[in-house]
file run.cif (mmCIF, C-alpha atoms)
data_entry
loop_
_atom_site.label_atom_id
_atom_site.label_comp_id
_atom_site.auth_asym_id
_atom_site.auth_seq_id
_atom_site.Cartn_x
_atom_site.Cartn_y
_atom_site.Cartn_z
CA MET R 195 -1.02 23.10 32.14
CA ARG R 196 0.62 19.85 33.20
CA PRO R 197 -0.60 18.21 36.40
CA SER R 198 1.89 17.67 39.18
CA GLY R 199 2.17 14.62 41.40
CA LEU R 200 0.43 14.00 44.69
CA SER R 201 3.40 14.94 46.83
CA GLY R 202 2.06 18.46 47.35
CA LEU R 203 -1.24 17.28 48.82
CA CYS R 204 -1.94 17.87 52.45
CA MET R 205 -4.44 15.39 53.82
CA GLN R 206 -6.41 16.98 56.60
CA GLU R 207 -7.33 14.83 59.55
CA VAL R 208 -11.06 14.38 59.76
CA ILE R 209 -12.31 14.65 63.32
CA PRO R 210 -16.03 13.89 63.63
CA ASP R 211 -17.95 16.70 65.31
CA GLN R 212 -20.15 15.88 68.25
CA HIS R 213 -23.49 17.04 66.97
CA GLY R 214 -27.07 16.08 66.68
CA GLU R 215 -27.19 15.10 70.37
CA GLY R 216 -30.38 15.99 72.15
CA GLU R 217 -33.73 17.41 71.33
CA TRP R 218 -32.61 21.01 71.95
CA ASN R 219 -30.39 20.92 68.89
CA ARG R 220 -33.11 19.69 66.57
CA LEU R 221 -35.61 22.27 67.76
CA ARG R 222 -33.46 25.37 67.63
CA SER R 223 -34.89 28.38 65.87
CA ILE R 224 -33.69 28.47 62.25
CA LYS R 225 -33.31 31.89 60.65
CA MET R 226 -33.11 31.70 56.86
CA SER R 227 -30.38 33.94 55.45
CA VAL R 228 -31.40 35.01 51.93
CA SER R 229 -30.25 37.85 49.69
CA HIS R 230 -31.95 41.24 49.60
CA SER R 231 -32.61 40.91 45.84
CA SER R 232 -34.74 37.82 46.41
CA LYS R 233 -37.12 39.93 48.48
CA LEU R 234 -37.89 42.33 45.64
CA ASN R 235 -41.47 42.29 44.35
CA LYS R 236 -41.54 39.63 41.61
CA VAL R 237 -45.06 40.61 40.58
CA VAL R 238 -43.72 43.99 39.50
CA ARG R 239 -40.93 42.27 37.58
CA ASP R 240 -43.41 40.02 35.77
CA GLN R 241 -45.23 43.10 34.48
CA TYR R 242 -42.15 44.06 32.50
CA MET R 243 -41.20 40.53 31.48
CA ARG R 244 -44.55 40.19 29.71
CA LEU R 245 -43.89 43.18 27.45
CA PRO R 246 -43.63 42.25 23.73
CA GLN R 247 -40.17 42.31 22.18
CA GLY R 248 -41.20 43.33 18.66
CA GLY R 249 -39.38 40.44 17.02
CA ARG R 250 -36.09 41.19 18.75
CA VAL R 251 -34.30 38.55 20.79
CA LEU R 252 -32.22 38.63 23.99
CA VAL R 253 -29.12 36.44 23.67
CA THR R 254 -27.21 35.79 26.90
CA TYR R 255 -23.57 34.74 26.46
CA VAL R 256 -22.27 32.42 29.19
CA TRP R 257 -18.61 31.62 29.84
CA ILE R 258 -16.22 30.17 32.44
CA ASP R 259 -14.21 32.83 34.28
CA GLY R 260 -10.60 32.90 35.42
CA SER R 261 -11.26 30.79 38.50
CA GLY R 262 -12.13 27.77 36.34
CA GLU R 263 -15.19 27.29 38.55
CA GLY R 264 -17.35 30.41 38.23
CA VAL R 265 -19.58 31.38 35.33
CA ARG R 266 -20.24 34.86 33.97
CA CYS R 267 -22.82 36.20 31.54
CA LYS R 268 -23.80 39.25 29.54
CA THR R 269 -26.73 39.88 27.22
CA ARG R 270 -27.12 41.51 23.81
CA THR R 271 -30.03 42.19 21.46
CA MET R 272 -30.34 40.49 18.08
CA ASP R 273 -32.82 41.64 15.43
CA GLN R 274 -34.05 38.12 14.77
CA GLU R 275 -34.03 34.75 16.47
CA PRO R 276 -30.86 32.74 15.81
CA LYS R 277 -31.72 29.31 14.42
CA CYS R 278 -28.29 27.72 14.89
CA ILE R 279 -25.05 28.50 16.69
CA GLU R 280 -23.54 29.90 13.49
CA ASP R 281 -26.16 32.70 13.60
CA VAL R 282 -24.74 34.01 16.90
CA PRO R 283 -21.82 36.43 16.39
CA GLU R 284 -18.61 36.51 18.37
CA TRP R 285 -18.50 39.08 21.14
CA ASN R 286 -15.98 40.34 23.69
CA PHE R 287 -15.68 41.26 27.37
CA ASP R 288 -13.32 42.84 29.87
CA GLY R 289 -11.06 40.01 30.97
CA SER R 290 -9.37 42.17 33.62
CA SER R 291 -12.62 42.01 35.61
CA THR R 292 -12.89 38.21 35.43
CA ASP R 293 -9.26 37.38 36.32
CA GLN R 294 -8.51 36.49 32.71
CA ALA R 295 -6.46 39.46 31.48
CA GLU R 296 -4.61 42.58 32.59
CA GLY R 297 -6.21 46.00 32.32
CA SER R 298 -3.69 47.20 29.74
CA ASN R 299 -4.81 44.48 27.31
CA SER R 300 -8.15 43.32 28.61
CA ASP R 301 -10.37 42.46 25.63
CA MET R 302 -11.22 38.75 25.44
CA PHE R 303 -13.20 37.02 22.69
CA LEU R 304 -16.39 35.06 23.28
CA ILE R 305 -16.80 32.25 20.74
CA PRO R 306 -20.34 30.76 20.71
CA VAL R 307 -20.29 26.95 20.78
CA ARG R 308 -23.74 25.73 21.91
CA MET R 309 -27.16 27.33 22.14
CA PHE R 310 -30.02 26.66 24.57
CA ARG R 311 -33.49 28.10 25.15
CA ASP R 312 -33.65 30.74 27.87
CA PRO R 313 -35.82 29.52 30.81
CA PHE R 314 -35.65 32.94 32.51
CA CYS R 315 -36.66 35.29 29.69
CA LEU R 316 -38.45 32.50 27.76
CA ASP R 317 -38.74 31.97 23.99
CA PRO R 318 -37.52 33.24 21.61
CA ASN R 319 -34.61 34.31 23.84
CA LYS R 320 -31.43 32.22 24.07
CA LEU R 321 -28.60 31.16 26.33
CA VAL R 322 -25.31 30.65 24.48
CA LEU R 323 -22.33 28.80 25.93
CA CYS R 324 -19.03 30.26 24.77
CA GLU R 325 -15.35 29.44 24.66
CA VAL R 326 -12.96 32.22 25.68
CA LEU R 327 -9.96 33.29 23.56
CA LYS R 328 -7.25 35.78 24.49
CA TYR R 329 -6.33 38.86 22.45
CA ASN R 330 -4.12 36.71 20.20
CA ARG R 331 -6.98 34.20 19.74
CA LYS R 332 -5.22 31.53 21.76
CA ASN R 333 -7.20 29.64 24.41
CA ALA R 334 -7.69 31.35 27.74
CA GLU R 335 -6.11 29.38 30.58
CA THR R 336 -9.49 28.14 31.82
CA ASN R 337 -10.80 27.33 28.33
CA LEU R 338 -10.36 23.56 28.54
CA ARG R 339 -13.10 22.88 26.01
CA ASN R 340 -10.97 23.50 22.92
CA ILE R 341 -8.46 20.74 23.62
CA CYS R 342 -11.17 18.43 24.95
CA LYS R 343 -13.03 18.70 21.65
CA LYS R 344 -9.89 17.78 19.68
CA VAL R 345 -9.48 14.66 21.83
CA MET R 346 -13.17 13.72 21.50
CA ASP R 347 -12.97 14.12 17.72
CA LEU R 348 -10.07 11.65 17.65
CA VAL R 349 -12.14 8.95 19.36
CA LYS R 350 -15.53 9.70 17.81
CA ASP R 351 -15.73 6.20 16.28
CA SER R 352 -15.67 4.76 19.81
CA HIS R 353 -18.80 6.79 20.67
CA PRO R 354 -17.84 7.66 24.27
CA TRP R 355 -20.91 8.27 26.41
CA PHE R 356 -20.88 10.08 29.73
CA GLY R 357 -23.31 10.78 32.52
CA MET R 358 -22.22 13.06 35.37
CA GLU R 359 -23.79 13.26 38.83
CA GLN R 360 -23.41 16.83 40.07
CA GLU R 361 -23.61 17.17 43.84
CA TYR R 362 -23.96 20.61 45.42
CA THR R 363 -24.85 22.21 48.73
CA LEU R 364 -27.33 25.01 49.32
CA LEU R 365 -26.04 27.82 51.54
CA GLY R 366 -27.65 30.89 52.98
CA ILE R 367 -26.16 34.20 51.91
CA ASN R 368 -24.15 34.06 55.15
CA GLY R 369 -22.33 30.93 53.98
CA HIS R 370 -24.10 28.60 56.45
CA PRO R 371 -25.93 25.54 55.06
CA TYR R 372 -29.49 26.49 54.21
CA GLY R 373 -31.97 25.30 56.82
CA TRP R 374 -29.36 24.37 59.43
CA PRO R 375 -29.68 25.83 62.94
CA ASP R 376 -27.69 29.06 63.29
CA ASN R 377 -25.77 27.86 66.33
CA GLY R 378 -25.88 24.11 66.00
CA PHE R 379 -26.28 21.17 63.68
CA PRO R 380 -29.14 19.09 62.33
CA GLY R 381 -29.47 15.50 63.43
CA PRO R 382 -26.87 12.96 62.24
CA GLN R 383 -26.86 11.72 58.65
CA GLY R 384 -29.28 8.94 57.86
CA PRO R 385 -32.79 10.27 57.16
CA TYR R 386 -31.85 12.87 54.53
CA TYR R 387 -30.78 10.86 51.47
CA CYS R 388 -33.75 10.82 49.07
CA GLY R 389 -35.72 12.10 52.06
CA VAL R 390 -39.25 13.44 52.19
CA GLY R 391 -40.62 15.84 54.78
CA ALA R 392 -39.96 19.32 56.11
CA ASP R 393 -37.64 17.98 58.81
CA LYS R 394 -35.53 16.01 56.31
CA VAL R 395 -35.08 18.13 53.18
CA TYR R 396 -34.35 21.80 52.68
CA GLY R 397 -34.82 23.72 49.45
CA ARG R 398 -36.86 21.35 47.28
CA ASP R 399 -38.51 24.34 45.57
CA ILE R 400 -35.09 25.36 44.27
CA VAL R 401 -34.27 21.84 43.09
CA GLU R 402 -37.52 21.36 41.19
CA SER R 403 -37.32 24.82 39.64
CA HIS R 404 -33.81 24.04 38.42
CA TYR R 405 -34.96 20.69 37.01
CA LYS R 406 -37.80 22.26 35.02
CA ALA R 407 -35.60 25.14 33.84
CA CYS R 408 -33.00 22.69 32.52
CA ILE R 409 -35.62 20.68 30.65
CA TYR R 410 -37.04 23.86 29.12
CA ALA R 411 -33.54 24.98 28.08
CA GLY R 412 -32.77 21.68 26.37
CA VAL R 413 -30.15 20.55 28.87
CA LYS R 414 -29.96 16.76 29.04
CA ILE R 415 -30.78 16.57 32.74
CA CYS R 416 -32.01 13.09 33.62
CA GLY R 417 -32.66 13.06 37.36
CA THR R 418 -32.26 14.59 40.80
CA ASN R 419 -32.33 13.56 44.47
CA ALA R 420 -31.61 14.78 47.97
CA GLU R 421 -28.18 13.71 49.20
CA VAL R 422 -26.78 12.26 52.43
CA MET R 423 -25.97 15.58 54.11
CA PRO R 424 -28.97 17.86 54.73
CA SER R 425 -29.13 20.79 52.27
CA GLN R 426 -27.01 18.77 49.84
CA TRP R 427 -28.55 17.76 46.53
CA GLU R 428 -27.58 16.08 43.29
CA PHE R 429 -28.70 16.29 39.68
CA GLN R 430 -27.62 14.04 36.85
CA VAL R 431 -26.88 15.03 33.25
CA GLY R 432 -26.57 12.50 30.42
CA PRO R 433 -26.13 10.36 28.57
CA CYS R 434 -24.09 12.74 26.45
CA GLU R 435 -21.59 11.85 23.75
CA GLY R 436 -18.14 13.42 23.60
CA ILE R 437 -17.88 17.19 24.02
CA GLU R 438 -21.62 17.41 24.62
CA MET R 439 -21.10 16.28 28.22
CA GLY R 440 -19.11 19.31 29.29
CA ASP R 441 -21.38 21.70 27.41
CA HIS R 442 -24.55 20.45 29.04
CA LEU R 443 -23.13 20.23 32.56
CA TRP R 444 -21.70 23.76 32.44
CA MET R 445 -25.04 25.14 31.26
CA ALA R 446 -26.85 23.16 33.98
CA ARG R 447 -24.51 24.75 36.53
CA PHE R 448 -25.21 28.23 35.16
CA ILE R 449 -28.95 27.63 35.36
CA LEU R 450 -28.56 26.35 38.94
CA HIS R 451 -26.77 29.52 40.02
CA ARG R 452 -29.40 31.69 38.31
CA VAL R 453 -32.27 29.83 39.95
CA CYS R 454 -30.57 30.12 43.34
CA GLU R 455 -30.12 33.84 42.69
CA ASP R 456 -33.89 34.18 42.30
CA PHE R 457 -34.45 32.34 45.59
CA GLY R 458 -31.73 34.34 47.37
CA VAL R 459 -29.48 31.40 48.28
CA VAL R 460 -26.11 30.12 47.10
CA ALA R 461 -25.21 26.78 45.52
CA THR R 462 -21.65 25.78 46.35
CA LEU R 463 -19.70 23.05 44.56
CA ASP R 464 -17.10 22.87 47.33
CA PRO R 465 -16.08 19.19 47.65
CA LYS R 466 -16.19 19.38 51.47
CA PRO R 467 -18.31 22.34 52.55
CA MET R 468 -18.67 21.14 56.14
CA THR R 469 -15.84 19.56 58.11
CA GLY R 470 -16.50 16.67 60.42
CA ASN R 471 -18.89 13.76 60.12
CA TRP R 472 -20.64 14.99 56.98
CA ASN R 473 -20.46 13.71 53.42
CA GLY R 474 -18.54 15.71 50.84
CA ALA R 475 -19.70 16.55 47.33
CA GLY R 476 -18.49 14.83 44.16
CA CYS R 477 -19.26 14.66 40.49
CA HIS R 478 -19.33 10.91 39.85
CA THR R 479 -18.74 10.24 36.16
CA ASN R 480 -20.36 7.31 34.37
CA TYR R 481 -18.60 6.25 31.19
CA SER R 482 -18.80 3.73 28.39
CA THR R 483 -17.68 3.21 24.82
CA GLU R 484 -19.64 1.41 22.15
CA ASP R 485 -17.65 -1.79 22.76
CA MET R 486 -18.46 -1.66 26.48
CA ARG R 487 -22.16 -1.41 25.70
CA LYS R 488 -22.15 -4.53 23.50
CA GLU R 489 -22.64 -8.10 24.72
CA GLY R 490 -19.40 -9.22 26.37
CA GLY R 491 -18.41 -5.60 26.97
CA LEU R 492 -17.43 -6.31 30.57
CA LYS R 493 -13.99 -7.37 29.30
CA CYS R 494 -13.57 -3.93 27.72
CA ILE R 495 -14.69 -2.32 30.99
CA GLU R 496 -12.14 -4.33 32.95
CA ALA R 497 -9.40 -3.43 30.46
CA ALA R 498 -10.24 0.26 30.81
CA ILE R 499 -10.18 0.04 34.61
CA GLU R 500 -6.76 -1.61 34.44
CA LYS R 501 -5.47 1.36 32.40
CA LEU R 502 -6.98 3.80 34.90
CA SER R 503 -5.34 1.96 37.80
CA LYS R 504 -1.91 2.70 36.35
CA ARG R 505 -2.61 6.43 35.99
CA HIS R 506 -4.28 7.26 39.29
CA ASP R 507 -2.03 10.23 40.14
CA TYR R 508 -2.69 11.91 36.79
CA HIS R 509 -6.45 11.61 37.15
CA ILE R 510 -6.46 12.92 40.72
CA CYS R 511 -4.55 15.98 39.56
CA VAL R 512 -7.13 16.90 36.91
CA TYR R 513 -10.24 15.94 38.87
CA ASP R 514 -10.42 19.27 40.70
CA PRO R 515 -9.23 22.79 39.79
CA ARG R 516 -6.36 22.76 42.29
CA GLY R 517 -4.43 19.67 41.29
CA GLY R 518 -5.99 17.39 43.88
CA ARG R 519 -5.91 19.72 46.87
CA ASP R 520 -9.67 20.22 46.96
CA ASN R 521 -10.29 16.50 46.68
CA SER R 522 -7.85 15.77 49.51
CA ARG R 523 -10.50 17.11 51.90
CA ARG R 524 -13.09 14.74 50.43
CA LEU R 525 -11.36 11.51 49.36
CA THR R 526 -10.48 10.26 52.83
CA GLY R 527 -11.69 6.68 52.60
CA HIS R 528 -14.72 7.64 54.68
CA HIS R 529 -18.22 8.93 53.83
CA GLU R 530 -18.61 6.79 50.72
CA THR R 531 -15.24 7.74 49.22
CA SER R 532 -12.01 5.97 48.40
CA SER R 533 -8.61 7.13 49.65
CA ILE R 534 -7.02 9.74 47.43
CA PHE R 535 -3.72 7.87 47.67
CA GLU R 536 -4.98 4.45 46.57
CA PHE R 537 -6.77 3.17 43.47
CA SER R 538 -9.52 0.60 43.95
CA ALA R 539 -12.36 -0.91 41.98
CA GLY R 540 -15.27 -3.19 42.75
CA VAL R 541 -18.80 -4.22 41.90
CA ALA R 542 -21.44 -2.11 43.71
CA ASN R 543 -18.72 -0.67 45.96
CA ARG R 544 -19.30 3.00 46.74
CA GLY R 545 -16.09 3.12 48.72
CA ALA R 546 -13.99 2.38 45.63
CA SER R 547 -12.37 4.67 43.08
CA ILE R 548 -14.25 2.87 40.31
CA ARG R 549 -17.64 1.22 40.79
CA ILE R 550 -19.07 -1.34 38.39
CA PRO R 551 -22.86 -1.32 38.91
CA ARG R 552 -24.23 -4.67 40.02
CA GLN R 553 -26.54 -4.87 37.00
CA VAL R 554 -23.55 -4.41 34.68
CA GLY R 555 -21.74 -7.24 36.44
CA GLN R 556 -24.77 -9.49 35.95
CA ASP R 557 -25.41 -8.50 32.33
CA GLY R 558 -21.76 -8.62 31.29
CA TYR R 559 -21.85 -5.22 29.53
CA GLY R 560 -22.70 -1.59 30.15
CA TYR R 561 -20.67 1.14 31.86
CA PHE R 562 -18.63 1.98 34.95
CA GLU R 563 -18.57 4.89 37.37
CA ASP R 564 -15.48 6.91 38.26
CA ARG R 565 -16.26 8.24 41.75
CA ARG R 566 -13.13 10.37 42.13
CA PRO R 567 -14.03 13.70 40.40
CA ALA R 568 -14.78 16.53 42.82
CA ALA R 569 -18.01 18.52 42.67
CA ASN R 570 -16.10 21.55 41.40
CA CYS R 571 -14.27 19.65 38.65
CA ASP R 572 -14.22 20.91 35.07
CA PRO R 573 -16.18 18.28 33.11
CA TYR R 574 -14.06 18.99 30.04
CA ALA R 575 -10.93 18.03 31.99
CA VAL R 576 -12.54 14.91 33.49
CA THR R 577 -13.98 13.50 30.27
CA GLU R 578 -10.83 14.32 28.32
CA ALA R 579 -8.65 12.55 30.89
CA ILE R 580 -10.80 9.40 30.85
CA VAL R 581 -10.69 9.23 27.04
CA ARG R 582 -6.94 9.89 26.91
CA THR R 583 -6.28 6.98 29.27
CA THR R 584 -8.85 4.42 28.11
CA CYS R 585 -9.08 5.10 24.35
CA LEU R 586 -5.79 6.78 23.40
CA ASN R 587 -3.76 4.59 25.77
CA GLU R 588 -1.76 7.43 27.30
CA THR R 589 0.30 6.67 30.39
CA GLY R 590 2.18 8.63 33.03
CA MET R 591 1.70 12.23 34.11
CA GLN R 592 2.27 13.87 30.73
CA THR R 593 -0.31 14.32 27.98
CA THR R 594 0.11 14.11 24.22
CA ASP R 595 -0.47 17.23 22.11
CA TYR R 596 -2.83 16.29 19.29
CA ALA R 597 -3.17 19.83 17.90
CA ASP R 598 -1.46 19.03 14.60
CA LYS R 599 -2.66 15.44 14.21
#

call {"tool": "encode", "arguments": {"input": "run.cif", "output": "structure tokens"}}
result
Amino acid sequence: MRPSGLSGLCMQEVIPDQHGEGEWNRLRSIKMSVSHSSKLNKVVRDQYMRLPQGGRVLVTYVWIDGSGEGVRCKTRTMDQEPKCIEDVPEWNFDGSSTDQAEGSNSDMFLIPVRMFRDPFCLDPNKLVLCEVLKYNRKNAETNLRNICKKVMDLVKDSHPWFGMEQEYTLLGINGHPYGWPDNGFPGPQGPYYCGVGADKVYGRDIVESHYKACIYAGVKICGTNAEVMPSQWEFQVGPCEGIEMGDHLWMARFILHRVCEDFGVVATLDPKPMTGNWNGAGCHTNYSTEDMRKEGGLKCIEAAIEKLSKRHDYHICVYDPRGGRDNSRRLTGHHETSSIFEFSAGVANRGASIRIPRQVGQDGYGYFEDRRPAANCDPYAVTEAIVRTTCLNETGMQTTDYADK
């Protein structure tokens, strides 16, 4: 799929809501909206989870569905523990039920690509990330991993490293931000970022459970923090090299949704879940090549930023699943974002498209941060686009097909 230009974007006017005024609003009764399943007796469940498996193993296949944002899973039994990804067989599923095929020809192939420990059913059980192929074994429309891997293989000698900062918002099952008053708003932004205290953060149990589950699974999660908007959080994954970045972030997302399922809440990656004077949600992407990480690498960083500046429209179109339309609600030039229509860069500037960390500016080498990707971006698309522009020197809106090279 080729990205289109920015002409189709509709920038929505952001009108700050009048909220957080007065003590009545902060003291309103908050009714937590959680799913019915979360209220089931977990002690009873644990009784069955402790049963021995007799040497058999549960292998849960995870894949990206037809939306390009959602994840699906199904589980099978294997007679022995798989030791490597090659031990996990291909499988199939009904693509007509995931918006990936028509009912008259619905079988889709699941191709295992990376294996993790299962933090829900525990060892020796596994989670397996899969690519999706159509009946003719061509890539499904939302399987962006296959092409991304080809591009990463081309630049493997540059050793591209990535670290992605996944922001998300916790919602009740009713779609309202978790912990917010039912008929009002919390106090204005300010005390919530990296906050501590029951009146400043909502859902820390979920966040810490997700963190530990990712570490158990083998996901390269490296940090977490509460974000600027209440009920909004962030976790970071990396550093990862090449295709590893997308694999680990997608599995971290799957684990997040599963943890939230247990707690009865929803994690949304919507780039602007609440209109008005509230921060949106991004997936800031930190990037470097081996040359950038060497002494004097700042010149390589500046050269890469110059290339990115000339391809802003292309990157905006691949930085969310809807060709820039989702990001148009977020990249307004306000709330720590740049304008979607303008490229900018600066040292320690969180209002720029590209931020060079202050320490990198002082050291003269390191990495830079692309702050444009939306929270619901496909990390395969984002990392591929950055490598195409900075390493393969592509220009314009079109991309080069490297399938036969």

call {"tool": "closest_atom_pairs", "arguments": {"input": "run.cif", "of": "stretch 325-357 of chain R", "to": "stretch 258-264 of chain R", "cutoff": "9 Å", "atoms": "all atoms listed in the file", "output": "tab-separated table"}}
result
residue	atom	partner	partner_atom	distance
R:Glu325	CA	R:Ile258	CA	7.9
R:Val326	CA	R:Ile258	CA	7.8
R:Ala334	CA	R:Gly260	CA	8.4
R:Glu335	CA	R:Gly260	CA	7.5
R:Thr336	CA	R:Gly262	CA	5.2
R:Asn337	CA	R:Ile258	CA	7.4

call {"tool": "write_last_selection", "arguments": {"input": "run.cif", "atoms": "C-alpha atoms", "output": "PDB file, in the coordinates of the input"}}
result
ATOM      1  CA  GLU R 325     -15.350  29.440  24.660  1.00  0.00           C
ATOM      2  CA  VAL R 326     -12.960  32.220  25.680  1.00  0.00           C
ATOM      3  CA  ALA R 334      -7.690  31.350  27.740  1.00  0.00           C
ATOM      4  CA  GLU R 335      -6.110  29.380  30.580  1.00  0.00           C
ATOM      5  CA  THR R 336      -9.490  28.140  31.820  1.00  0.00           C
ATOM      6  CA  ASN R 337     -10.800  27.330  28.330  1.00  0.00           C
TER       7      ASN R 337
END

call {"tool": "resolve_selection", "arguments": {"input": "run.cif", "expression": "the PyMOL selection byres ((chain R and resi 515) around 9)", "output": "list in words"}}
result
Ser261, Gly262, Glu263, Cys511, Val512, Tyr513, Asp514, Arg516, Gly517, Gly518, Arg519, Asp520, Ala568, Asn570, Cys571 and Asp572 of chain R

call {"tool": "resolve_selection", "arguments": {"input": "run.cif", "expression": "the PyMOL selection byres ((chain R and resi 394-407) around 6)", "output": "list in words"}}
result
Pro313, Gly373, Tyr386, Gly389, Gly391, Ala392, Asp393, Cys408, Ile409, Tyr410, Ser425 and Leu450 of chain R

call {"tool": "atom_distance", "arguments": {"input": "run.cif", "atom1": "atom CA of R:Glu421", "atom2": "atom CA of R:Glu361"}}
result
7.8 Å

call {"tool": "closest_residue", "arguments": {"input": "run.cif", "among": "R:Pro283, R:Ile341, R:Lys328, R:Leu323", "to": "R:Asn299", "atoms": "only C-alpha atoms"}}
result
R:Lys328

call {"tool": "residues_around", "arguments": {"input": "run.cif", "residues": "R:Ile499", "least_positions_apart": "4", "cutoff": "9 Å", "atoms": "only C-alpha atoms", "output": "list of chain:residue names"}}
result
R:Cys494, R:Ile495, R:Ser503, R:Lys504, R:Ala539, R:Ile548, R:Phe562, R:Thr584

call {"tool": "closest_residue", "arguments": {"input": "run.cif", "among": "R:Ile415, R:Val581, R:Leu463, R:Val251", "to": "R:Thr271", "atoms": "all atoms listed in the file"}}
result
R:Val251

call {"tool": "resolve_selection", "arguments": {"input": "run.cif", "expression": "the PyMOL selection byres ((chain R and resi 456) around 12)", "output": "PDB file with C-alpha atoms, in the frame of the given file"}}
result
ATOM      1  CA  VAL R 228     -31.400  35.010  51.930  1.00  0.00           C
ATOM      2  CA  SER R 229     -30.250  37.850  49.690  1.00  0.00           C
ATOM      3  CA  HIS R 230     -31.950  41.240  49.600  1.00  0.00           C
ATOM      4  CA  SER R 231     -32.610  40.910  45.840  1.00  0.00           C
ATOM      5  CA  SER R 232     -34.740  37.820  46.410  1.00  0.00           C
ATOM      6  CA  LYS R 233     -37.120  39.930  48.480  1.00  0.00           C
ATOM      7  CA  LEU R 234     -37.890  42.330  45.640  1.00  0.00           C
ATOM      8  CA  ASN R 235     -41.470  42.290  44.350  1.00  0.00           C
ATOM      9  CA  LYS R 236     -41.540  39.630  41.610  1.00  0.00           C
ATOM     10  CA  ARG R 239     -40.930  42.270  37.580  1.00  0.00           C
ATOM     11  CA  PHE R 314     -35.650  32.940  32.510  1.00  0.00           C
ATOM     12  CA  ASP R 399     -38.510  24.340  45.570  1.00  0.00           C
ATOM     13  CA  ILE R 400     -35.090  25.360  44.270  1.00  0.00           C
ATOM     14  CA  SER R 403     -37.320  24.820  39.640  1.00  0.00           C
ATOM     15  CA  HIS R 404     -33.810  24.040  38.420  1.00  0.00           C
ATOM     16  CA  ILE R 449     -28.950  27.630  35.360  1.00  0.00           C
ATOM     17  CA  LEU R 450     -28.560  26.350  38.940  1.00  0.00           C
ATOM     18  CA  HIS R 451     -26.770  29.520  40.020  1.00  0.00           C
ATOM     19  CA  ARG R 452     -29.400  31.690  38.310  1.00  0.00           C
ATOM     20  CA  VAL R 453     -32.270  29.830  39.950  1.00  0.00           C
ATOM     21  CA  CYS R 454     -30.570  30.120  43.340  1.00  0.00           C
ATOM     22  CA  GLU R 455     -30.120  33.840  42.690  1.00  0.00           C
ATOM     23  CA  PHE R 457     -34.450  32.340  45.590  1.00  0.00           C
ATOM     24  CA  GLY R 458     -31.730  34.340  47.370  1.00  0.00           C
ATOM     25  CA  VAL R 459     -29.480  31.400  48.280  1.00  0.00           C
ATOM     26  CA  VAL R 460     -26.110  30.120  47.100  1.00  0.00           C
ATOM     27  CA  ALA R 461     -25.210  26.780  45.520  1.00  0.00           C
TER      28      ALA R 461
END

call {"tool": "closest_residue", "arguments": {"input": "run.cif", "among": "R:Tyr596, R:Trp427, R:Tyr387, R:Phe310", "to": "R:Glu359", "atoms": "only C-alpha atoms"}}
result
R:Trp427

call {"tool": "residues_around", "arguments": {"input": "run.cif", "residues": "R:Gly249", "least_positions_apart": "6", "cutoff": "9 Å", "atoms": "all atoms listed in the file", "output": "mmCIF file with C-alpha atoms, in the frame of the given file"}}
result
data_model
loop_
_atom_site.group_PDB
_atom_site.id
_atom_site.type_symbol
_atom_site.label_atom_id
_atom_site.label_comp_id
_atom_site.auth_asym_id
_atom_site.auth_seq_id
_atom_site.Cartn_x
_atom_site.Cartn_y
_atom_site.Cartn_z
ATOM 1 C CA ASP R 273 -32.820 41.640 15.430
ATOM 2 C CA GLN R 274 -34.050 38.120 14.770
ATOM 3 C CA GLU R 275 -34.030 34.750 16.470
ATOM 4 C CA PRO R 318 -37.520 33.240 21.610
#
